[in-house]
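A.B. asks: The structure is given below, and queries will be raised subsequently.
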Amino acid sequence: AREAERPRTAMAMAWRAAPRAAARLLLGRRGIASCIDPSTGLTEDQKEFQKVALDFAAKEMAPYMAEWDEKEIFPVETMRKAAQLGFGGIYVKPDVGGSGLSRLDTSIIFEALSTGCTSTTAYMSIHNMCVWMIDTFGNEEQRRRFCPSLCSMEKFASYCLTEPGSGSDAASLLTSAQRRGDTYVLNGSKAFISGGGDTDVYVVMCRTGGPGPKGISCLVLEKGMPGLSFGKKEKKVGWNSQPTRAVIFEDCVVPVGNRLGAEGQGFSIAMQGLNGGRINIASCSLGAAHASVLLAQEHLSVRKQFGEPLANNQYLQFRLAEMATRLVAARLMVRNAARALQDGREDAAVLCSMAKLFATDECFGICNQALQMHGGYGYLKDYAVQQFVRDIRVHQILEGTNEVMRMIVARNLLQG
């Protein structure tokens with residue numbers, strides 16, 4: 001009897017029995033609710049990028065999102081298919097295999113992909129950030145050695161900044177790299193590394209000098225180097241389609257030729273990478289929130305209580321309106337920050353922090369409210385909304401916690 005009470009619409013049934021069909025229903029409705037249409041205001045080229053990404057999300061990601069989560073599958077082949085569309089090095093220069101697109105284009109693409117699987121898209125955003133760092137700060141030999149295989153996703157990359165004892169206080173990191181002739185010898189460890197152990201290239205921030213940010217340099221390591229090892233695979237609330245492990249260095253020898261930029265430039269490289277990373281992860285939050293609004297809209301339309309659809313309840317109408325409004329406000333804020341970063345504006349870093357703070361907080365609230373609107377069904381893993389909630393929660397922590405984002409904004413306001 002309990003089973004018979006469940007909503008039996010095409011959408012609800014498709015998510016349970018035929019996820020591919022559900023994805024097409026969910027992602028093919030952009031014209032129905034024009035007030036939240038993510039293509040509004042975009043150029044024709046950007047609309048085409050978005051369509052390609054939405055189609056890929058619907059056909060290649062959404063049907064498998066729940067399986068990847070449940071079985072903790074790192075979907076390497078799916079990501080390589082995405083790379084064939086240019087999504088492995090979206091804002092990397094074309095001469096080394098990148099797509100050469102703008103930060104706004106990138107945000108649009110990650111938002112679209114995230115509607116299919118937020119966890120997988122979030123890893124792809126980190127991978128893209130790593131390739132951009134090598135492309136931007138590496139010399140020609142390094143760019144041509146690393147970037148082509150990363151842009152094609154023949155190889156995958158991980159970003160290694162956080163340590164067991166230095167999360168938000170990244171400038172206090174302790175992993176040391178002692179210069180010995182033409183090599184560095186690394187000792188220390190990194191924590192919470194996305195892709196750790198399964199990826200091929202590690203962009204590592206380490207201490208080559210004295211205390212503080214000016215003593216930090218950036219080295220590129222390759223899997224298989226002697227002295228490089230990994231901790232156990234972490235069990236996480238969400239983000240289960242990407243492995244997370246500690247990365248450990250025990251007298252790990254790295255050629256000096258693998259250093260990006262000059263000694264002491266590492267902290268600056270890390271922070272410039274994170275400016276884009278914050279837009280990327282905020283964009284992933286937008287996609288999860290957009291999908292959740294559509295799922296809530298569908299559920300309210302078909303679920304009946306007290307003899308009428310939930311959509312007739314004014315309280316729920318108001319909550320849905322608030323969700324849509326917060327989604328559009330967050331999207332505008334993220335796209336404004338993306339333009340500022342692309343243009344090299346002086347206020348770009350603080351705008352990226354504001355966008356990351358606002359979008360990840362608001363979008364988590366949207367997804368959580370969508371789950372609430374589903375009632376008990378929202379708490380079942382048969383329904384996609386709960387996975388969006390679990391996958392999006394960590395976005396308020398990584399790429400700089402939202403508490404640190406507040407510090408950055410306040411410092412900018414008060415520095416004069």
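A note on labels: chains of the structure tokens are A, B, ... as shown, every chain counts residues from 1, and ligands are counted from 1 in their shown order.
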If we count only C-alpha atoms, what is near Gly210 of chain A at a cut-off of 12 Å, once residues fewer than 6 positions away on the same chain are taken out, given as a list in words?

C.D. replies: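 The neighbour list is Ala171, Ser172, Leu173, Leu174, Ser176, Ala177, Gln178, Ile216, Ser217, Glu263 and Gly264 of chain A.
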
A.B. asks: Could you pull out all residues of segment 284-396 of chain A with a DSSP call of strand (DSSP E or B) and give them as a PyMOL selection string?

C.D. replies: chain A and resi 304-305+308-309

A.B. asks: Can you build me a table of segment 110-176 of chain A residues sitting at most 12 Å from segment 32-43 of chain A, with the closest atom pair per residue and its distance in Å to one decimal, using only C-alpha atoms, sorted by chain and residue number, as a tab-separated table?

C.D. replies:
residue	atom	partner	partner_atom	distance
A:Phe110	CA	A:Pro38	CA	11.9
A:Glu111	CA	A:Pro38	CA	8.8
A:Ala112	CA	A:Pro38	CA	8.6
A:Thr115	CA	A:Pro38	CA	11.6

A.B. asks: Export, as a PDB file, in the first residue's frame, the selected residues with N, CA and C atoms.

C.D. replies:
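What follows is the written file result.pdb:
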ATOM      1  N   PHE A 110      30.121  24.216 -16.851  1.00  0.00           N
ATOM      2  CA  PHE A 110      30.094  23.448 -15.607  1.00  0.00           C
ATOM      3  C   PHE A 110      28.709  23.449 -14.972  1.00  0.00           C
ATOM      4  N   GLU A 111      27.986  24.553 -15.078  1.00  0.00           N
ATOM      5  CA  GLU A 111      26.615  24.579 -14.562  1.00  0.00           C
ATOM      6  C   GLU A 111      25.759  23.544 -15.290  1.00  0.00           C
ATOM      7  N   ALA A 112      25.900  23.481 -16.596  1.00  0.00           N
ATOM      8  CA  ALA A 112      25.104  22.535 -17.381  1.00  0.00           C
ATOM      9  C   ALA A 112      25.477  21.087 -17.064  1.00  0.00           C
ATOM     10  N   THR A 115      24.097  19.449 -13.791  1.00  0.00           N
ATOM     11  CA  THR A 115      22.727  18.949 -13.721  1.00  0.00           C
ATOM     12  C   THR A 115      22.677  17.442 -13.932  1.00  0.00           C
TER      13      THR A 115
END

A.B. asks: Need the shell around segment 73-90 of chain A: protein/DNA/RNA residues with any atom at most 8 Å away, counting only C-alpha atoms. Skip same-chain ones fewer than 4 positions apart. Format as an MDAnalysis selection string?

C.D. replies: chainID A and resid 56 60:61 67:69 97:101 106 120 124 127:128 131:132 150:154 240:243

A.B. asks: Convert the current residue selection to file output with N, CA, C and O atoms, as a tab-separated table (two decimals), in the first residue's frame.

C.D. replies:
chain	number	residue	atom	x	y	z
A	56	PHE	N	25.07	16.29	-23.09
A	56	PHE	CA	26.02	15.31	-22.55
A	56	PHE	C	25.60	14.91	-21.14
A	56	PHE	O	25.64	13.73	-20.77
A	60	GLU	N	24.91	11.06	-20.88
A	60	GLU	CA	26.10	10.34	-20.44
A	60	GLU	C	26.34	10.39	-18.93
A	60	GLU	O	27.16	9.63	-18.41
A	61	MET	N	25.64	11.28	-18.21
A	61	MET	CA	25.91	11.43	-16.78
A	61	MET	C	24.69	11.10	-15.91
A	61	MET	O	24.75	10.23	-15.05
A	67	GLU	N	24.30	5.26	-9.70
A	67	GLU	CA	25.20	4.10	-9.66
A	67	GLU	C	26.62	4.51	-9.30
A	67	GLU	O	27.27	3.85	-8.48
A	68	TRP	N	27.11	5.59	-9.90
A	68	TRP	CA	28.45	6.07	-9.56
A	68	TRP	C	28.56	6.40	-8.08
A	68	TRP	O	29.57	6.13	-7.44
A	69	ASP	N	27.48	6.98	-7.54
A	69	ASP	CA	27.47	7.34	-6.13
A	69	ASP	C	27.46	6.10	-5.25
A	69	ASP	O	28.27	5.96	-4.33
A	97	GLY	N	46.18	21.87	-26.76
A	97	GLY	CA	45.02	21.00	-26.72
A	97	GLY	C	43.81	21.54	-26.00
A	97	GLY	O	42.77	20.86	-25.93
A	98	GLY	N	43.90	22.76	-25.46
A	98	GLY	CA	42.77	23.33	-24.75
A	98	GLY	C	41.73	23.93	-25.69
A	98	GLY	O	41.95	24.05	-26.90
A	99	SER	N	40.60	24.32	-25.10
A	99	SER	CA	39.51	24.91	-25.89
A	99	SER	C	39.61	26.41	-26.01
A	99	SER	O	38.94	27.02	-26.86
A	100	GLY	N	40.41	27.05	-25.15
A	100	GLY	CA	40.63	28.50	-25.25
A	100	GLY	C	39.39	29.33	-24.99
A	100	GLY	O	39.28	30.45	-25.50
A	101	LEU	N	38.46	28.81	-24.18
A	101	LEU	CA	37.23	29.56	-23.91
A	101	LEU	C	37.40	30.50	-22.71
A	101	LEU	O	38.38	30.42	-21.98
A	106	THR	N	33.19	28.87	-19.38
A	106	THR	CA	33.49	27.74	-18.49
A	106	THR	C	32.41	27.58	-17.44
A	106	THR	O	31.95	26.47	-17.16
A	120	THR	N	30.85	14.38	-10.28
A	120	THR	CA	31.78	14.18	-11.39
A	120	THR	C	32.19	15.52	-12.01
A	120	THR	O	33.36	15.74	-12.32
A	124	MET	N	35.89	17.37	-12.48
A	124	MET	CA	36.34	17.92	-13.76
A	124	MET	C	36.76	19.38	-13.63
A	124	MET	O	37.70	19.84	-14.28
A	127	HIS	N	40.23	19.35	-12.11
A	127	HIS	CA	41.17	18.94	-13.17
A	127	HIS	C	41.46	20.11	-14.10
A	127	HIS	O	42.63	20.39	-14.43
A	128	ASN	N	40.42	20.81	-14.53
A	128	ASN	CA	40.61	21.97	-15.41
A	128	ASN	C	41.47	23.04	-14.76
A	128	ASN	O	42.30	23.67	-15.41
A	131	VAL	N	45.14	21.98	-14.98
A	131	VAL	CA	45.71	22.12	-16.33
A	131	VAL	C	45.95	23.60	-16.62
A	131	VAL	O	46.99	23.96	-17.20
A	132	TRP	N	45.02	24.46	-16.21
A	132	TRP	CA	45.21	25.90	-16.42
A	132	TRP	C	46.45	26.40	-15.69
A	132	TRP	O	47.19	27.24	-16.23
A	150	LEU	N	46.50	15.91	-20.56
A	150	LEU	CA	45.51	16.30	-19.55
A	150	LEU	C	44.26	16.86	-20.21
A	150	LEU	O	43.13	16.58	-19.78
A	151	CYS	N	44.43	17.65	-21.27
A	151	CYS	CA	43.26	18.19	-21.97
A	151	CYS	C	42.42	17.09	-22.60
A	151	CYS	O	41.19	17.20	-22.67
A	152	SER	N	43.06	16.03	-23.06
A	152	SER	CA	42.33	14.90	-23.64
A	152	SER	C	41.80	13.96	-22.56
A	152	SER	O	41.05	13.04	-22.85
A	153	MET	N	42.20	14.21	-21.32
A	153	MET	CA	41.88	13.36	-20.18
A	153	MET	C	42.39	11.93	-20.37
A	153	MET	O	41.88	10.99	-19.76
A	154	GLU	N	43.42	11.79	-21.22
A	154	GLU	CA	44.18	10.54	-21.20
A	154	GLU	C	44.78	10.39	-19.81
A	154	GLU	O	44.87	9.29	-19.27
A	240	ASN	N	30.87	10.96	-4.16
A	240	ASN	CA	31.36	9.58	-4.16
A	240	ASN	C	31.81	9.09	-5.52
A	240	ASN	O	32.39	8.01	-5.61
A	241	SER	N	31.57	9.85	-6.59
A	241	SER	CA	32.06	9.43	-7.91
A	241	SER	C	33.51	9.85	-8.12
A	241	SER	O	34.07	9.60	-9.19
A	242	GLN	N	34.11	10.48	-7.13
A	242	GLN	CA	35.54	10.80	-7.20
A	242	GLN	C	36.21	10.34	-5.92
A	242	GLN	O	35.72	10.61	-4.82
A	243	PRO	N	37.33	9.62	-6.03
A	243	PRO	CA	38.02	9.14	-4.83
A	243	PRO	C	38.72	10.29	-4.12
A	243	PRO	O	39.15	11.27	-4.74

A.B. asks: Could you tell me how far atom CA of Gln396 of chain A sits from atom CA of Ile279 of chain A, in Å to one decimal place?

C.D. replies: 12.5 Å

A.B. asks: Atom CA of Ala246 of chain A to atom CA of Ala122 of chain A: how many Å, to one decimal?

C.D. replies: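 Going from atom CA of Ala246 of chain A over to atom CA of Ala122 of chain A covers 18.4 Å.
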